[in-house]
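Data file: upload19.cif. Format and content: mmCIF, C-alpha atoms.
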data_start
loop_
_atom_site.label_atom_id
_atom_site.label_comp_id
_atom_site.auth_asym_id
_atom_site.auth_seq_id
_atom_site.Cartn_x
_atom_site.Cartn_y
_atom_site.Cartn_z
CA MET A 1 69.26 85.74 92.06
CA THR A 2 67.72 87.53 89.12
CA ASP A 3 67.92 91.28 89.00
CA TYR A 4 64.43 92.30 87.88
CA SER A 5 65.22 95.98 88.30
CA ARG A 6 67.17 95.96 85.03
CA ASN A 7 63.91 95.54 83.10
CA ASP A 8 61.89 97.87 85.30
CA PRO A 9 61.41 101.18 83.45
CA TYR A 10 60.97 103.00 86.76
CA VAL A 11 64.38 102.11 88.20
CA ARG A 12 67.25 104.54 87.72
CA ASP A 13 70.53 103.32 86.26
CA ASP A 14 73.25 104.75 88.54
CA ARG A 15 76.20 102.59 87.53
CA PRO A 16 79.61 104.22 87.93
CA GLY A 17 81.44 105.20 84.78
CA ILE A 18 84.37 107.30 83.63
CA ASP A 19 84.65 110.45 81.57
CA ALA A 20 87.19 109.16 79.05
CA ALA A 21 88.11 112.55 77.60
CA ARG A 22 88.86 113.95 81.04
CA LEU A 23 90.76 110.81 82.05
CA TRP A 24 93.01 110.87 78.98
CA ALA A 25 93.60 114.62 79.20
CA GLY A 26 94.79 114.01 82.74
CA GLY A 27 96.85 111.07 81.48
CA VAL A 28 98.68 113.28 79.00
CA ALA A 29 99.34 115.82 81.75
CA THR A 30 100.57 112.99 83.99
CA ALA A 31 102.95 111.88 81.23
CA VAL A 32 104.45 115.38 81.14
CA VAL A 33 104.81 115.41 84.93
CA ALA A 34 106.42 111.94 84.93
CA ALA A 35 108.90 112.99 82.23
CA LEU A 36 109.82 116.07 84.23
CA VAL A 37 110.27 113.99 87.40
CA ALA A 38 112.64 111.74 85.45
CA VAL A 39 114.64 114.76 84.25
CA VAL A 40 114.83 116.20 87.77
CA GLY A 41 115.87 112.81 89.16
CA LEU A 42 118.64 112.48 86.59
CA LEU A 43 119.83 116.04 87.13
CA VAL A 44 120.00 115.54 90.89
CA ALA A 45 121.68 112.13 90.64
CA ARG A 46 124.20 113.11 87.98
CA GLY A 47 124.66 116.81 88.67
CA ILE A 48 124.64 116.97 92.46
CA PHE A 49 125.78 113.51 93.53
CA GLY A 50 127.82 112.56 90.46
CA ALA A 51 126.10 109.19 90.26
CA GLU A 52 125.26 107.56 86.95
CA VAL A 53 121.68 106.44 86.43
CA LEU A 54 121.21 103.30 84.33
CA ALA A 55 124.28 104.14 82.29
CA PRO A 56 127.39 103.27 84.26
CA LYS A 57 130.24 103.42 81.73
CA GLY A 58 127.97 102.54 78.82
CA GLU A 59 126.54 99.45 80.51
CA GLY A 60 123.36 98.86 82.36
CA ILE A 61 119.95 97.41 81.96
CA TRP A 62 119.08 99.71 79.02
CA GLY A 63 122.59 100.32 77.78
CA ASN A 64 123.62 103.96 77.77
CA ALA A 65 120.29 105.53 78.52
CA ASN A 66 120.27 109.28 78.28
CA THR A 67 117.99 111.86 79.86
CA THR A 68 115.63 112.11 76.87
CA THR A 69 115.15 108.35 76.66
CA TYR A 70 114.53 108.08 80.39
CA ALA A 71 111.98 110.92 80.28
CA LEU A 72 110.18 109.41 77.26
CA VAL A 73 109.99 106.01 78.98
CA ALA A 74 108.54 107.67 82.10
CA ALA A 75 105.94 109.44 79.93
CA ALA A 76 105.07 106.16 78.17
CA VAL A 77 104.64 104.44 81.53
CA ALA A 78 102.27 107.23 82.63
CA LEU A 79 100.18 106.77 79.48
CA ALA A 80 100.17 103.00 80.01
CA ALA A 81 99.01 103.57 83.59
CA THR A 82 96.20 105.79 82.31
CA GLY A 83 95.16 103.05 79.90
CA LEU A 84 95.24 100.53 82.72
CA MET A 85 93.08 102.76 84.89
CA HIS A 86 90.60 103.25 82.04
CA LEU A 87 90.36 99.50 81.49
CA LEU A 88 89.96 98.81 85.20
CA SER A 89 87.35 101.57 85.54
CA VAL A 90 85.06 100.05 82.94
CA ALA A 91 85.71 96.38 83.68
CA THR A 92 86.28 95.82 87.41
CA PRO A 93 84.20 96.42 90.53
CA ALA A 94 86.95 98.23 92.50
CA PRO A 95 89.26 99.89 89.98
CA GLY A 96 91.12 102.00 92.54
CA GLN A 97 92.17 98.99 94.58
CA PHE A 98 93.36 96.98 91.60
CA PHE A 99 95.19 99.96 90.13
CA GLY A 100 96.89 100.67 93.44
CA TRP A 101 98.12 97.12 93.85
CA ILE A 102 99.31 96.83 90.25
CA MET A 103 101.17 100.14 90.40
CA VAL A 104 102.76 99.45 93.78
CA LEU A 105 104.06 96.11 92.55
CA ALA A 106 105.26 97.55 89.22
CA THR A 107 107.04 100.36 91.07
CA LEU A 108 108.59 97.82 93.42
CA ILE A 109 109.95 95.92 90.42
CA ALA A 110 111.36 99.16 88.99
CA VAL A 111 113.05 99.89 92.33
CA VAL A 112 114.45 96.41 92.97
CA LEU A 113 115.64 95.70 89.42
CA PRO A 114 118.52 98.23 89.41
CA LEU A 115 119.64 96.92 92.79
CA THR A 116 120.33 93.53 91.20
CA LEU A 117 122.82 94.89 88.64
CA SER A 118 126.54 94.51 89.06
CA VAL A 119 127.36 98.23 89.05
CA LYS A 120 128.49 100.78 91.61
CA LEU A 121 126.36 101.09 94.71
CA GLU A 122 125.63 104.80 94.10
CA THR A 123 124.36 103.96 90.61
CA LYS A 124 122.03 101.33 92.02
CA ILE A 125 120.69 103.66 94.69
CA ALA A 126 120.30 106.66 92.39
CA THR A 127 118.40 104.61 89.82
CA ALA A 128 116.19 102.97 92.45
CA ILE A 129 115.30 106.32 94.05
CA THR A 130 114.56 107.92 90.68
CA ASN A 131 112.34 104.97 89.69
CA LEU A 132 110.57 105.16 93.06
CA ALA A 133 109.85 108.86 92.60
CA ILE A 134 108.52 108.34 89.07
CA GLY A 135 106.35 105.39 90.14
CA MET A 136 104.91 107.23 93.13
CA VAL A 137 104.08 110.31 91.08
CA ILE A 138 102.38 108.29 88.35
CA THR A 139 100.41 106.19 90.85
CA LEU A 140 99.21 109.11 92.94
CA VAL A 141 98.39 111.47 90.07
CA VAL A 142 96.57 108.88 87.94
CA SER A 143 94.61 107.65 90.97
CA SER A 144 93.44 111.10 92.02
CA MET A 145 92.83 112.20 88.45
CA ALA A 146 90.72 109.11 87.72
CA ALA A 147 88.70 109.73 90.87
CA SER A 148 87.79 113.17 89.57
CA ALA A 149 86.90 111.70 86.15
CA ARG A 150 84.41 109.20 87.57
CA THR A 151 80.78 109.78 86.65
CA LEU A 152 77.40 108.14 87.12
CA HIS A 153 75.50 106.89 84.11
CA ARG A 154 72.17 108.64 84.38
CA SER A 155 69.49 106.86 82.49
CA LYS A 156 66.89 108.74 80.54
CA ARG A 157 64.18 106.61 82.11
CA ARG A 158 61.69 108.49 84.19
CA ASP A 159 61.28 107.54 87.82
CA SER A 160 57.50 107.90 87.94
CA ARG A 161 57.27 107.14 91.65
CA ARG A 162 59.54 110.04 92.52
CA ASP A 163 57.87 112.27 89.94
CA SER A 164 54.39 111.45 91.26
CA ARG A 165 55.50 112.29 94.83
CA ARG A 166 56.88 115.61 93.61
CA ASP A 167 53.67 116.32 91.71
CA ALA A 168 51.60 115.53 94.82
CA ASP A 169 53.78 117.82 96.92
CA GLN A 170 53.39 120.62 94.39
CA ALA A 171 49.61 120.09 94.27
CA ALA A 172 49.43 120.30 98.05
CA THR A 173 51.44 123.51 97.96
CA ARG A 174 49.19 124.96 95.26
CA GLN A 175 46.12 124.15 97.36
CA TRP A 176 47.37 126.44 100.12
CA ASN A 177 47.90 129.53 97.98
CA ASN A 178 45.43 131.45 100.15
CA GLY A 179 47.16 130.37 103.36
CA PRO A 180 46.97 127.21 105.46
CA PRO A 181 43.59 125.72 106.28
CA THR A 182 41.96 127.17 109.38
CA SER A 183 40.16 124.02 110.44
CA TYR A 184 39.98 120.35 109.69
CA TYR A 185 37.11 120.84 107.22
CA ASP A 186 38.96 123.47 105.18
CA THR A 187 41.49 120.93 103.90
#

Output the file's structure as structure tokens, nothing else.
Amino acid sequence: MTDYSRNDPYVRDDRPGIDAARLWAGGVATAVVAALVAVVGLLVARGIFGAEVLAPKGEGIWGNANTTTYALVAAAVALAATGLMHLLSVATPAPGQFFGWIMVLATLIAVVLPLTLSVKLETKIATAITNLAIGMVITLVVSSMAASARTLHRSKRRDSRRDSRRDADQAATRQWNNGPPTSYYDT
């Protein structure tokens, strides 16, 4: 079916959009939060529980990952998630749903992957929990931040039907400046 309203100069264009500057500012802030969650996760795992995270005796999926590397990777993932949300917001009909599914599955991969390594059980669990926390924070913050960055494209076209109704209402109001009519013939 043809959409004739696209060529109609009296139809408003209320397509959803995204405020890119606001989205990316939130993405940078999310990257900082994700990096800090990674640092806290590593401090808790290593400092309180004495469990290695991704670096059991110099071996692991990323070799001997240190706290800085882990935090930078978490920040990069947050920026990648922001880019994904931006792409989905301008290209898909339901960006929130697609983003949610993609992030849940990516987080699930990040949680399950360390569990498949041949390392100590506490290392597997500490890494999986840290990855889960980072993934949840990124998913929730980017989702809510993108929702607040959504906008409506307002066209500059004039809706003459609405404007003519408003003008008629104002004219009727102006007619009664001396009070309402007293009889049918006064109107």

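Rounded to one decimal, atom CA of Thr127 of chain A and atom CA of Leu113 of chain A lie 9.3 Å from each other.
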
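Within 6 Å of the file-frame point (87.9, 113.4, 84.7), and using all atoms listed in the file, the polymer residues found are A:Asp19, A:Arg22, A:Leu23, A:Ala146, A:Ser148, A:Ala149.
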
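The closest residue to Pro114 of chain A, picked from A:Leu54, A:Leu140, A:Val73, A:Leu84 and counting all atoms listed in the file, is A:Leu54.
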
Applying the PyMOL selection byres ((chain A and resi 29) around 12) to the file I just gave you, which residues come out? Please list them as a PDB file with C-alpha atoms, in the frame of the given file.
ATOM      1  CA  ARG A  22      88.860 113.950  81.040  1.00  0.00           C
ATOM      2  CA  LEU A  23      90.760 110.810  82.050  1.00  0.00           C
ATOM      3  CA  TRP A  24      93.010 110.870  78.980  1.00  0.00           C
ATOM      4  CA  ALA A  25      93.600 114.620  79.200  1.00  0.00           C
ATOM      5  CA  GLY A  26      94.790 114.010  82.740  1.00  0.00           C
ATOM      6  CA  GLY A  27      96.850 111.070  81.480  1.00  0.00           C
ATOM      7  CA  VAL A  28      98.680 113.280  79.000  1.00  0.00           C
ATOM      8  CA  THR A  30     100.570 112.990  83.990  1.00  0.00           C
ATOM      9  CA  ALA A  31     102.950 111.880  81.230  1.00  0.00           C
ATOM     10  CA  VAL A  32     104.450 115.380  81.140  1.00  0.00           C
ATOM     11  CA  VAL A  33     104.810 115.410  84.930  1.00  0.00           C
ATOM     12  CA  ALA A  34     106.420 111.940  84.930  1.00  0.00           C
ATOM     13  CA  ALA A  35     108.900 112.990  82.230  1.00  0.00           C
ATOM     14  CA  LEU A  36     109.820 116.070  84.230  1.00  0.00           C
ATOM     15  CA  ALA A  75     105.940 109.440  79.930  1.00  0.00           C
ATOM     16  CA  ALA A  76     105.070 106.160  78.170  1.00  0.00           C
ATOM     17  CA  ALA A  78     102.270 107.230  82.630  1.00  0.00           C
ATOM     18  CA  LEU A  79     100.180 106.770  79.480  1.00  0.00           C
ATOM     19  CA  THR A  82      96.200 105.790  82.310  1.00  0.00           C
ATOM     20  CA  VAL A 137     104.080 110.310  91.080  1.00  0.00           C
ATOM     21  CA  ILE A 138     102.380 108.290  88.350  1.00  0.00           C
ATOM     22  CA  VAL A 141      98.390 111.470  90.070  1.00  0.00           C
ATOM     23  CA  VAL A 142      96.570 108.880  87.940  1.00  0.00           C
ATOM     24  CA  MET A 145      92.830 112.200  88.450  1.00  0.00           C
TER      25      MET A 145
END

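Distances from A:Thr67, A:Thr151, A:Thr130, A:Ser144 to Met85 of chain A were compared using all atoms listed in the file, and the smallest one belongs to A:Ser144.
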
- Task: For atom CA of Val104 of chain A and atom CA of Leu132 of chain A, quote the distance in Å rounded to one decimal.
- Result: 9.7 Å

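Our summary of the geometry notes that atom CA of Leu121 of chain A is positioned 10.2 Å from atom CA of Glu52 of chain A.
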
- Message: When you look at Ala106 of chain A with a cut-off of 12 Å (counting all atoms listed in the file), what residues show up, excluding the ones that are within fewer than 5 positions of it in the same chain? I need them as JSON, numbers by chain.
- Response: {"A": [77, 80, 81, 99, 100, 101, 111, 112, 113, 131, 132, 134, 135, 136, 138, 139]}

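Using only C-alpha atoms, the smallest distance between any of A:Leu117, A:Leu43, A:Arg150, A:Val53 and Ser89 of chain A comes from A:Arg150.
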
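With distances taken over all atoms listed in the file, A:Gly41 is the one residue among A:Leu108, A:His86, A:Gly17, A:Gly41 lying closest to Ala133 of chain A.
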